[in-house]
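Below is start-v4.cif, which holds mmCIF, N, CA and C atoms.
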```cif
data_work
#
loop_
_atom_site.group_PDB
_atom_site.id
_atom_site.type_symbol
_atom_site.label_atom_id
_atom_site.label_comp_id
_atom_site.auth_asym_id
_atom_site.auth_seq_id
_atom_site.Cartn_x
_atom_site.Cartn_y
_atom_site.Cartn_z
ATOM 1 N N MET A 1 29.021 48.495 -67.237
ATOM 2 C CA MET A 1 28.357 47.224 -67.301
ATOM 3 C C MET A 1 28.381 46.776 -68.757
ATOM 4 N N ALA A 2 28.981 45.641 -69.065
ATOM 5 C CA ALA A 2 29.004 45.110 -70.425
ATOM 6 C C ALA A 2 27.761 44.267 -70.651
ATOM 7 N N VAL A 3 27.164 44.444 -71.805
ATOM 8 C CA VAL A 3 25.992 43.664 -72.177
ATOM 9 C C VAL A 3 26.308 42.943 -73.475
ATOM 10 N N THR A 4 26.186 41.636 -73.498
ATOM 11 C CA THR A 4 26.436 40.842 -74.694
ATOM 12 C C THR A 4 25.143 40.152 -75.074
ATOM 13 N N ALA A 5 24.823 40.191 -76.355
ATOM 14 C CA ALA A 5 23.581 39.567 -76.793
ATOM 15 C C ALA A 5 23.749 39.028 -78.205
ATOM 16 N N THR A 6 23.057 37.979 -78.507
ATOM 17 C CA THR A 6 22.943 37.476 -79.864
ATOM 18 C C THR A 6 21.612 37.954 -80.397
ATOM 19 N N VAL A 7 21.636 38.583 -81.552
ATOM 20 C CA VAL A 7 20.431 39.182 -82.096
ATOM 21 C C VAL A 7 19.896 38.303 -83.216
ATOM 22 N N THR A 8 18.615 38.001 -83.143
ATOM 23 C CA THR A 8 17.930 37.230 -84.169
ATOM 24 C C THR A 8 16.936 38.146 -84.859
ATOM 25 N N ARG A 9 17.052 38.235 -86.176
ATOM 26 C CA ARG A 9 16.172 39.132 -86.942
ATOM 27 C C ARG A 9 14.704 38.798 -86.666
ATOM 28 N N GLY A 10 13.927 39.842 -86.377
ATOM 29 C CA GLY A 10 12.495 39.685 -86.196
ATOM 30 C C GLY A 10 12.073 39.144 -84.846
ATOM 31 N N PHE A 11 12.994 39.016 -83.894
ATOM 32 C CA PHE A 11 12.645 38.476 -82.591
ATOM 33 C C PHE A 11 13.007 39.497 -81.532
ATOM 34 N N THR A 12 12.138 39.718 -80.568
ATOM 35 C CA THR A 12 12.386 40.661 -79.485
ATOM 36 C C THR A 12 12.709 39.888 -78.216
ATOM 37 N N PHE A 13 13.820 40.252 -77.582
ATOM 38 C CA PHE A 13 14.239 39.592 -76.356
ATOM 39 C C PHE A 13 13.852 40.438 -75.151
ATOM 40 N N ALA A 14 13.415 39.795 -74.082
ATOM 41 C CA ALA A 14 13.160 40.496 -72.830
ATOM 42 C C ALA A 14 14.494 40.643 -72.120
ATOM 43 N N THR A 15 14.874 41.877 -71.783
ATOM 44 C CA THR A 15 16.176 42.113 -71.165
ATOM 45 C C THR A 15 16.094 42.249 -69.654
ATOM 46 N N GLY A 16 14.925 42.572 -69.153
ATOM 47 C CA GLY A 16 14.810 42.815 -67.715
ATOM 48 C C GLY A 16 15.335 44.182 -67.325
ATOM 49 N N VAL A 17 15.743 45.005 -68.300
ATOM 50 C CA VAL A 17 16.255 46.343 -68.014
ATOM 51 C C VAL A 17 15.091 47.318 -68.077
ATOM 52 N N GLU A 18 14.977 48.118 -67.037
ATOM 53 C CA GLU A 18 13.946 49.146 -67.041
ATOM 54 C C GLU A 18 14.248 50.140 -68.152
ATOM 55 N N THR A 19 13.238 50.688 -68.782
ATOM 56 C CA THR A 19 13.453 51.571 -69.921
ATOM 57 C C THR A 19 13.407 53.050 -69.570
ATOM 58 N N ASP A 20 13.486 53.384 -68.289
ATOM 59 C CA ASP A 20 13.567 54.796 -67.938
ATOM 60 C C ASP A 20 14.982 55.300 -68.256
ATOM 61 N N ALA A 21 15.143 56.609 -68.411
ATOM 62 C CA ALA A 21 16.404 57.194 -68.846
ATOM 63 C C ALA A 21 17.574 56.815 -67.934
ATOM 64 N N ALA A 22 17.385 56.836 -66.626
ATOM 65 C CA ALA A 22 18.484 56.532 -65.705
ATOM 66 C C ALA A 22 18.975 55.097 -65.888
ATOM 67 N N SER A 23 18.061 54.150 -66.054
ATOM 68 C CA SER A 23 18.456 52.752 -66.235
ATOM 69 C C SER A 23 19.156 52.552 -67.572
ATOM 70 N N LEU A 24 18.655 53.174 -68.625
ATOM 71 C CA LEU A 24 19.268 53.028 -69.942
ATOM 72 C C LEU A 24 20.660 53.646 -69.974
ATOM 73 N N ASN A 25 20.868 54.750 -69.267
ATOM 74 C CA ASN A 25 22.186 55.376 -69.224
ATOM 75 C C ASN A 25 23.224 54.471 -68.564
ATOM 76 N N LEU A 26 22.800 53.591 -67.660
ATOM 77 C CA LEU A 26 23.721 52.662 -67.016
ATOM 78 C C LEU A 26 24.294 51.644 -67.998
ATOM 79 N N LEU A 27 23.596 51.417 -69.105
ATOM 80 C CA LEU A 27 24.070 50.453 -70.096
ATOM 81 C C LEU A 27 25.277 50.966 -70.867
ATOM 82 N N GLY A 28 25.471 52.277 -70.940
ATOM 83 C CA GLY A 28 26.590 52.841 -71.686
ATOM 84 C C GLY A 28 26.318 52.804 -73.179
ATOM 85 N N GLU A 29 27.392 53.010 -73.964
ATOM 86 C CA GLU A 29 27.263 53.004 -75.420
ATOM 87 C C GLU A 29 27.326 51.577 -75.934
ATOM 88 N N PRO A 30 26.403 51.205 -76.794
ATOM 89 C CA PRO A 30 26.449 49.843 -77.333
ATOM 90 C C PRO A 30 27.547 49.698 -78.380
ATOM 91 N N THR A 31 28.103 48.513 -78.498
ATOM 92 C CA THR A 31 29.048 48.186 -79.543
ATOM 93 C C THR A 31 28.396 47.140 -80.422
ATOM 94 N N VAL A 32 28.342 47.430 -81.694
ATOM 95 C CA VAL A 32 27.731 46.500 -82.642
ATOM 96 C C VAL A 32 28.829 45.959 -83.538
ATOM 97 N N THR A 33 28.948 44.646 -83.630
ATOM 98 C CA THR A 33 29.921 44.005 -84.497
ATOM 99 C C THR A 33 29.170 43.282 -85.593
ATOM 100 N N VAL A 34 29.536 43.573 -86.827
ATOM 101 C CA VAL A 34 28.881 42.964 -87.979
ATOM 102 C C VAL A 34 29.901 42.060 -88.658
ATOM 103 N N ASP A 35 29.554 40.783 -88.841
ATOM 104 C CA ASP A 35 30.484 39.842 -89.458
ATOM 105 C C ASP A 35 30.770 40.180 -90.904
ATOM 106 N N SER A 36 29.775 40.550 -91.659
ATOM 107 C CA SER A 36 30.005 40.892 -93.061
ATOM 108 C C SER A 36 28.914 41.828 -93.558
ATOM 109 N N ILE A 37 29.288 42.638 -94.520
ATOM 110 C CA ILE A 37 28.343 43.533 -95.167
ATOM 111 C C ILE A 37 28.540 43.329 -96.664
ATOM 112 N N SER A 38 27.450 43.129 -97.378
ATOM 113 C CA SER A 38 27.581 42.991 -98.821
ATOM 114 C C SER A 38 26.456 43.742 -99.511
ATOM 115 N N ALA A 39 26.713 44.140 -100.732
ATOM 116 C CA ALA A 39 25.729 44.816 -101.577
ATOM 117 C C ALA A 39 25.163 46.080 -100.923
ATOM 118 N N THR A 40 25.988 46.802 -100.204
ATOM 119 C CA THR A 40 25.557 48.055 -99.606
ATOM 120 C C THR A 40 26.762 48.964 -99.443
ATOM 121 N N SER A 41 26.528 50.249 -99.355
ATOM 122 C CA SER A 41 27.625 51.178 -99.113
ATOM 123 C C SER A 41 27.718 51.446 -97.613
ATOM 124 N N VAL A 42 28.903 51.854 -97.177
ATOM 125 C CA VAL A 42 29.137 52.175 -95.775
ATOM 126 C C VAL A 42 29.633 53.613 -95.717
ATOM 127 N N THR A 43 29.044 54.412 -94.864
ATOM 128 C CA THR A 43 29.484 55.788 -94.674
ATOM 129 C C THR A 43 30.193 55.860 -93.326
ATOM 130 N N LEU A 44 31.460 56.234 -93.365
ATOM 131 C CA LEU A 44 32.252 56.337 -92.133
ATOM 132 C C LEU A 44 31.998 57.672 -91.454
ATOM 133 N N GLU A 45 32.251 57.712 -90.151
ATOM 134 C CA GLU A 45 32.205 58.983 -89.433
ATOM 135 C C GLU A 45 33.204 59.923 -90.073
ATOM 136 N N ASN A 46 32.859 61.203 -90.204
ATOM 137 C CA ASN A 46 33.729 62.209 -90.794
ATOM 138 C C ASN A 46 34.258 63.090 -89.671
ATOM 139 N N LYS A 47 35.565 63.018 -89.424
ATOM 140 C CA LYS A 47 36.198 63.781 -88.347
ATOM 141 C C LYS A 47 37.336 64.621 -88.904
ATOM 142 N N THR A 48 37.841 65.527 -88.095
ATOM 143 C CA THR A 48 39.093 66.227 -88.371
ATOM 144 C C THR A 48 40.095 65.755 -87.328
ATOM 145 N N VAL A 49 41.369 66.092 -87.520
ATOM 146 C CA VAL A 49 42.376 65.710 -86.525
ATOM 147 C C VAL A 49 41.984 66.262 -85.155
ATOM 148 N N ALA A 50 41.462 67.474 -85.130
ATOM 149 C CA ALA A 50 41.091 68.108 -83.857
ATOM 150 C C ALA A 50 39.894 67.446 -83.192
ATOM 151 N N THR A 51 39.055 66.739 -83.959
ATOM 152 C CA THR A 51 37.845 66.152 -83.375
ATOM 153 C C THR A 51 37.904 64.625 -83.301
ATOM 154 N N LEU A 52 39.103 64.036 -83.471
ATOM 155 C CA LEU A 52 39.225 62.578 -83.350
ATOM 156 C C LEU A 52 38.745 62.118 -81.982
ATOM 157 N N PRO A 53 37.985 61.034 -81.924
ATOM 158 C CA PRO A 53 37.620 60.485 -80.618
ATOM 159 C C PRO A 53 38.852 59.863 -79.962
ATOM 160 N N SER A 54 38.785 59.640 -78.678
ATOM 161 C CA SER A 54 39.891 58.983 -77.972
ATOM 162 C C SER A 54 40.124 57.605 -78.569
ATOM 163 N N ASN A 55 41.389 57.234 -78.678
ATOM 164 C CA ASN A 55 41.706 55.891 -79.169
ATOM 165 C C ASN A 55 41.464 54.881 -78.057
ATOM 166 N N GLY A 56 41.582 53.610 -78.383
ATOM 167 C CA GLY A 56 41.426 52.574 -77.377
ATOM 168 C C GLY A 56 40.393 51.521 -77.723
ATOM 169 N N THR A 57 39.697 51.674 -78.848
ATOM 170 C CA THR A 57 38.730 50.668 -79.274
ATOM 171 C C THR A 57 39.244 50.065 -80.574
ATOM 172 N N THR A 58 39.998 48.996 -80.466
ATOM 173 C CA THR A 58 40.653 48.376 -81.605
ATOM 174 C C THR A 58 39.670 48.037 -82.714
ATOM 175 N N GLY A 59 40.033 48.414 -83.938
ATOM 176 C CA GLY A 59 39.251 48.056 -85.106
ATOM 177 C C GLY A 59 38.334 49.130 -85.637
ATOM 178 N N ARG A 60 38.145 50.223 -84.908
ATOM 179 C CA ARG A 60 37.292 51.298 -85.433
ATOM 180 C C ARG A 60 37.965 51.927 -86.642
ATOM 181 N N MET A 61 37.163 52.362 -87.608
ATOM 182 C CA MET A 61 37.682 53.059 -88.777
ATOM 183 C C MET A 61 36.857 54.318 -88.998
ATOM 184 N N ILE A 62 37.545 55.425 -89.305
ATOM 185 C CA ILE A 62 36.878 56.687 -89.570
ATOM 186 C C ILE A 62 37.537 57.376 -90.755
ATOM 187 N N TYR A 63 36.841 58.358 -91.322
ATOM 188 C CA TYR A 63 37.355 59.221 -92.372
ATOM 189 C C TYR A 63 37.834 60.493 -91.691
ATOM 190 N N VAL A 64 39.080 60.908 -91.969
ATOM 191 C CA VAL A 64 39.615 62.130 -91.370
ATOM 192 C C VAL A 64 39.880 63.113 -92.504
ATOM 193 N N SER A 65 39.137 64.206 -92.528
ATOM 194 C CA SER A 65 39.180 65.129 -93.663
ATOM 195 C C SER A 65 40.514 65.850 -93.818
ATOM 196 N N ASP A 66 41.311 65.919 -92.739
ATOM 197 C CA ASP A 66 42.595 66.621 -92.809
ATOM 198 C C ASP A 66 43.727 65.829 -92.154
ATOM 199 N N GLY A 67 43.611 64.503 -92.129
ATOM 200 C CA GLY A 67 44.550 63.681 -91.364
ATOM 201 C C GLY A 67 45.851 63.332 -92.042
ATOM 202 N N ASP A 68 46.018 63.684 -93.314
ATOM 203 C CA ASP A 68 47.256 63.383 -94.044
ATOM 204 C C ASP A 68 47.889 64.711 -94.458
ATOM 205 N N GLY A 69 48.392 65.444 -93.463
ATOM 206 C CA GLY A 69 49.012 66.732 -93.756
ATOM 207 C C GLY A 69 48.034 67.733 -94.345
ATOM 208 N N GLY A 70 46.773 67.676 -93.940
ATOM 209 C CA GLY A 70 45.743 68.565 -94.445
ATOM 210 C C GLY A 70 44.867 67.917 -95.499
ATOM 211 N N ASP A 71 45.285 66.775 -96.012
ATOM 212 C CA ASP A 71 44.494 66.038 -96.998
ATOM 213 C C ASP A 71 43.709 64.926 -96.316
ATOM 214 N N PRO A 72 42.649 64.437 -96.961
ATOM 215 C CA PRO A 72 41.841 63.379 -96.341
ATOM 216 C C PRO A 72 42.553 62.036 -96.307
ATOM 217 N N CYS A 73 42.158 61.221 -95.334
ATOM 218 C CA CYS A 73 42.673 59.857 -95.210
ATOM 219 C C CYS A 73 41.670 59.049 -94.391
ATOM 220 N N LEU A 74 41.885 57.758 -94.354
ATOM 221 C CA LEU A 74 41.152 56.896 -93.440
ATOM 222 C C LEU A 74 42.035 56.709 -92.220
ATOM 223 N N ALA A 75 41.439 56.411 -91.088
ATOM 224 C CA ALA A 75 42.209 56.132 -89.882
ATOM 225 C C ALA A 75 41.613 54.919 -89.188
ATOM 226 N N VAL A 76 42.501 54.076 -88.654
ATOM 227 C CA VAL A 76 42.106 52.860 -87.952
ATOM 228 C C VAL A 76 42.653 52.933 -86.535
ATOM 229 N N ASP A 77 41.802 52.650 -85.563
ATOM 230 C CA ASP A 77 42.206 52.633 -84.149
ATOM 231 C C ASP A 77 42.820 51.271 -83.847
ATOM 232 N N ASN A 78 44.097 51.249 -83.463
ATOM 233 C CA ASN A 78 44.742 49.976 -83.129
ATOM 234 C C ASN A 78 44.726 49.707 -81.626
ATOM 235 N N GLY A 79 43.959 50.495 -80.891
ATOM 236 C CA GLY A 79 43.876 50.325 -79.444
ATOM 237 C C GLY A 79 44.791 51.270 -78.698
ATOM 238 N N THR A 80 45.836 51.766 -79.385
ATOM 239 C CA THR A 80 46.795 52.682 -78.781
ATOM 240 C C THR A 80 46.827 54.023 -79.505
ATOM 241 N N ASN A 81 46.735 53.971 -80.829
ATOM 242 C CA ASN A 81 46.813 55.168 -81.669
ATOM 243 C C ASN A 81 45.813 55.070 -82.810
ATOM 244 N N TRP A 82 45.521 56.224 -83.407
ATOM 245 C CA TRP A 82 44.815 56.252 -84.680
ATOM 246 C C TRP A 82 45.883 56.165 -85.760
ATOM 247 N N LEU A 83 45.829 55.151 -86.602
ATOM 248 C CA LEU A 83 46.808 54.968 -87.666
ATOM 249 C C LEU A 83 46.220 55.433 -88.986
ATOM 250 N N ARG A 84 47.007 56.195 -89.726
ATOM 251 C CA ARG A 84 46.565 56.775 -90.988
ATOM 252 C C ARG A 84 46.695 55.762 -92.122
ATOM 253 N N VAL A 85 45.670 55.710 -92.951
ATOM 254 C CA VAL A 85 45.696 54.945 -94.191
ATOM 255 C C VAL A 85 45.543 55.980 -95.295
ATOM 256 N N ASN A 86 46.641 56.256 -96.003
ATOM 257 C CA ASN A 86 46.613 57.289 -97.032
ATOM 258 C C ASN A 86 45.706 56.886 -98.182
ATOM 259 N N LEU A 87 45.045 57.881 -98.753
ATOM 260 C CA LEU A 87 44.220 57.640 -99.924
ATOM 261 C C LEU A 87 45.093 57.863 -101.149
ATOM 262 N N GLY A 88 45.116 56.894 -102.033
ATOM 263 C CA GLY A 88 45.971 56.971 -103.215
ATOM 264 C C GLY A 88 45.292 57.696 -104.351
ATOM 265 N N SER A 89 45.678 57.309 -105.543
ATOM 266 C CA SER A 89 45.119 57.900 -106.755
ATOM 267 C C SER A 89 43.654 57.520 -106.896
ATOM 268 N N ALA A 90 42.988 58.226 -107.796
ATOM 269 C CA ALA A 90 41.588 57.922 -108.060
ATOM 270 C C ALA A 90 41.454 56.497 -108.581
ATOM 271 N N VAL A 91 40.347 55.860 -108.270
ATOM 272 C CA VAL A 91 40.074 54.509 -108.750
ATOM 273 C C VAL A 91 40.027 54.541 -110.265
ATOM 274 N N SER A 92 40.690 53.567 -110.897
ATOM 275 C CA SER A 92 40.747 53.539 -112.351
ATOM 276 C C SER A 92 40.855 52.105 -112.829
ATOM 277 N N ALA A 93 40.134 51.761 -113.879
ATOM 278 C CA ALA A 93 40.199 50.420 -114.462
ATOM 279 C C ALA A 93 41.375 50.285 -115.420
ATOM 280 N N THR A 94 42.050 51.383 -115.735
ATOM 281 C CA THR A 94 43.105 51.329 -116.746
ATOM 282 C C THR A 94 44.512 51.355 -116.186
ATOM 283 N N ASP A 95 44.723 51.714 -114.936
ATOM 284 C CA ASP A 95 46.069 51.824 -114.389
ATOM 285 C C ASP A 95 46.272 50.799 -113.286
ATOM 286 N N ALA A 96 46.708 49.604 -113.639
ATOM 287 C CA ALA A 96 46.864 48.511 -112.674
ATOM 288 C C ALA A 96 48.181 48.608 -111.920
ATOM 289 N N ASP A 97 49.049 49.567 -112.256
ATOM 290 C CA ASP A 97 50.358 49.639 -111.628
ATOM 291 C C ASP A 97 50.383 50.431 -110.328
ATOM 292 N N GLU A 98 49.294 51.135 -109.994
ATOM 293 C CA GLU A 98 49.274 51.909 -108.768
ATOM 294 C C GLU A 98 48.502 51.160 -107.694
ATOM 295 N N TYR A 99 49.041 51.139 -106.491
ATOM 296 C CA TYR A 99 48.437 50.392 -105.390
ATOM 297 C C TYR A 99 48.262 51.324 -104.210
ATOM 298 N N LEU A 100 47.226 51.104 -103.439
ATOM 299 C CA LEU A 100 47.005 51.810 -102.183
ATOM 300 C C LEU A 100 47.806 51.089 -101.116
ATOM 301 N N MET A 101 48.694 51.818 -100.444
ATOM 302 C CA MET A 101 49.547 51.191 -99.438
ATOM 303 C C MET A 101 49.339 51.856 -98.096
ATOM 304 N N ALA A 102 49.221 51.057 -97.062
ATOM 305 C CA ALA A 102 49.092 51.574 -95.695
ATOM 306 C C ALA A 102 50.478 51.807 -95.132
ATOM 307 N N GLU A 103 50.604 52.813 -94.284
ATOM 308 C CA GLU A 103 51.879 53.079 -93.627
ATOM 309 C C GLU A 103 52.075 52.159 -92.462
#
```
In structure tokens, how does this file's structure come out?
Amino acid sequence: MAVTATVTRGFTFATGVETDAASLNLLGEPTVTVDSISATSVTLENKTVATLPSNGTTGRMIYVSDGDGGDPCLAVDNGTNWLRVNLGSAVSATDADEYLMAE
């Protein structure tokens, strides 16, 4: 059962859904989409290649501690596969010639 809602800060909506465990389990896992995040840090889920969740949810991003031949990388779910985004050199204000490139 898909549930779509517009959320207004500080306002509580009546859903008509019973709050017992069986009724709440029927709702499944919620998906939260955030248009923008600013002035805050984001901590990604930390997985290994062996513990990657099933693909199929386009746009998810996770940190994979061993996803680049044993080295860490980011991974993005394109709906079919988890795609690796290699982590480049350390961030530096002095070396403008190195770029982070996705495969």
Check your understanding: Which distance in Å separates atom CA of A:Gly56 and atom CA of A:Val76, to one decimal?
Key -> 10.6 Å
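The coordinates place atom N of A:Thr58 at 18.0 Å from atom CA of A:Ser36.
The smallest atom-to-atom distance between A:Ser65 and any of A:Thr19, A:Asn46, A:Ser41, A:Ser89, using only N, CA and C atoms, is found for A:Asn46.
For the structure in this document, the set picked by the PyMOL selection byres ((chain A and resi 78) around 7) is Asn55, Gly56, Thr57, Thr58, Gly59, Arg60, Val76, Asp77, Gly79, Thr80, Asn81, Trp82 and Leu83 of chain A.
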File dump, residues just selected, N, CA and C atoms, as a short mmCIF file (atom, residue, chain, number, x, y, z; two decimals), in the frame of the given file:
```
data_model
loop_
_atom_site.label_atom_id
_atom_site.label_comp_id
_atom_site.auth_asym_id
_atom_site.auth_seq_id
_atom_site.Cartn_x
_atom_site.Cartn_y
_atom_site.Cartn_z
N ASN A 55 41.39 57.23 -78.68
CA ASN A 55 41.71 55.89 -79.17
C ASN A 55 41.46 54.88 -78.06
N GLY A 56 41.58 53.61 -78.38
CA GLY A 56 41.43 52.57 -77.38
C GLY A 56 40.39 51.52 -77.72
N THR A 57 39.70 51.67 -78.85
CA THR A 57 38.73 50.67 -79.27
C THR A 57 39.24 50.06 -80.57
N THR A 58 40.00 49.00 -80.47
CA THR A 58 40.65 48.38 -81.60
C THR A 58 39.67 48.04 -82.71
N GLY A 59 40.03 48.41 -83.94
CA GLY A 59 39.25 48.06 -85.11
C GLY A 59 38.33 49.13 -85.64
N ARG A 60 38.15 50.22 -84.91
CA ARG A 60 37.29 51.30 -85.43
C ARG A 60 37.97 51.93 -86.64
N VAL A 76 42.50 54.08 -88.65
CA VAL A 76 42.11 52.86 -87.95
C VAL A 76 42.65 52.93 -86.54
N ASP A 77 41.80 52.65 -85.56
CA ASP A 77 42.21 52.63 -84.15
C ASP A 77 42.82 51.27 -83.85
N GLY A 79 43.96 50.50 -80.89
CA GLY A 79 43.88 50.32 -79.44
C GLY A 79 44.79 51.27 -78.70
N THR A 80 45.84 51.77 -79.39
CA THR A 80 46.80 52.68 -78.78
C THR A 80 46.83 54.02 -79.50
N ASN A 81 46.74 53.97 -80.83
CA ASN A 81 46.81 55.17 -81.67
C ASN A 81 45.81 55.07 -82.81
N TRP A 82 45.52 56.22 -83.41
CA TRP A 82 44.82 56.25 -84.68
C TRP A 82 45.88 56.16 -85.76
N LEU A 83 45.83 55.15 -86.60
CA LEU A 83 46.81 54.97 -87.67
C LEU A 83 46.22 55.43 -88.99
#
```
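Between atom N of A:Val64 and atom C of A:Lys47 the interatomic distance comes to 5.1 Å.
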Study note, to complete from the structure: Among A:Val85, A:Ala50, A:Ala93, A:Ala21, A:Tyr63 is approached most closely, using only C-alpha atoms, by A:Val85
Matched chain/residue IDs from the PyMOL selection byres ((chain A and resi 44) around 6), as a PDB file with N, CA and C atoms, in the frame of the given file:
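The resulting file, part.pdb, is shown below:
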```pdb
ATOM      1  N   VAL A  42      28.903  51.854 -97.177  1.00  0.00           N
ATOM      2  CA  VAL A  42      29.137  52.175 -95.775  1.00  0.00           C
ATOM      3  C   VAL A  42      29.633  53.613 -95.717  1.00  0.00           C
ATOM      4  N   THR A  43      29.044  54.412 -94.864  1.00  0.00           N
ATOM      5  CA  THR A  43      29.484  55.788 -94.674  1.00  0.00           C
ATOM      6  C   THR A  43      30.193  55.860 -93.326  1.00  0.00           C
ATOM      7  N   GLU A  45      32.251  57.712 -90.151  1.00  0.00           N
ATOM      8  CA  GLU A  45      32.205  58.983 -89.433  1.00  0.00           C
ATOM      9  C   GLU A  45      33.204  59.923 -90.073  1.00  0.00           C
ATOM     10  N   ASN A  46      32.859  61.203 -90.204  1.00  0.00           N
ATOM     11  CA  ASN A  46      33.729  62.209 -90.794  1.00  0.00           C
ATOM     12  C   ASN A  46      34.258  63.090 -89.671  1.00  0.00           C
ATOM     13  N   MET A  61      37.163  52.362 -87.608  1.00  0.00           N
ATOM     14  CA  MET A  61      37.682  53.059 -88.777  1.00  0.00           C
ATOM     15  C   MET A  61      36.857  54.318 -88.998  1.00  0.00           C
ATOM     16  N   ILE A  62      37.545  55.425 -89.305  1.00  0.00           N
ATOM     17  CA  ILE A  62      36.878  56.687 -89.570  1.00  0.00           C
ATOM     18  C   ILE A  62      37.537  57.376 -90.755  1.00  0.00           C
ATOM     19  N   TYR A  63      36.841  58.358 -91.322  1.00  0.00           N
ATOM     20  CA  TYR A  63      37.355  59.221 -92.372  1.00  0.00           C
ATOM     21  C   TYR A  63      37.834  60.493 -91.691  1.00  0.00           C
TER      22      TYR A  63
END
```
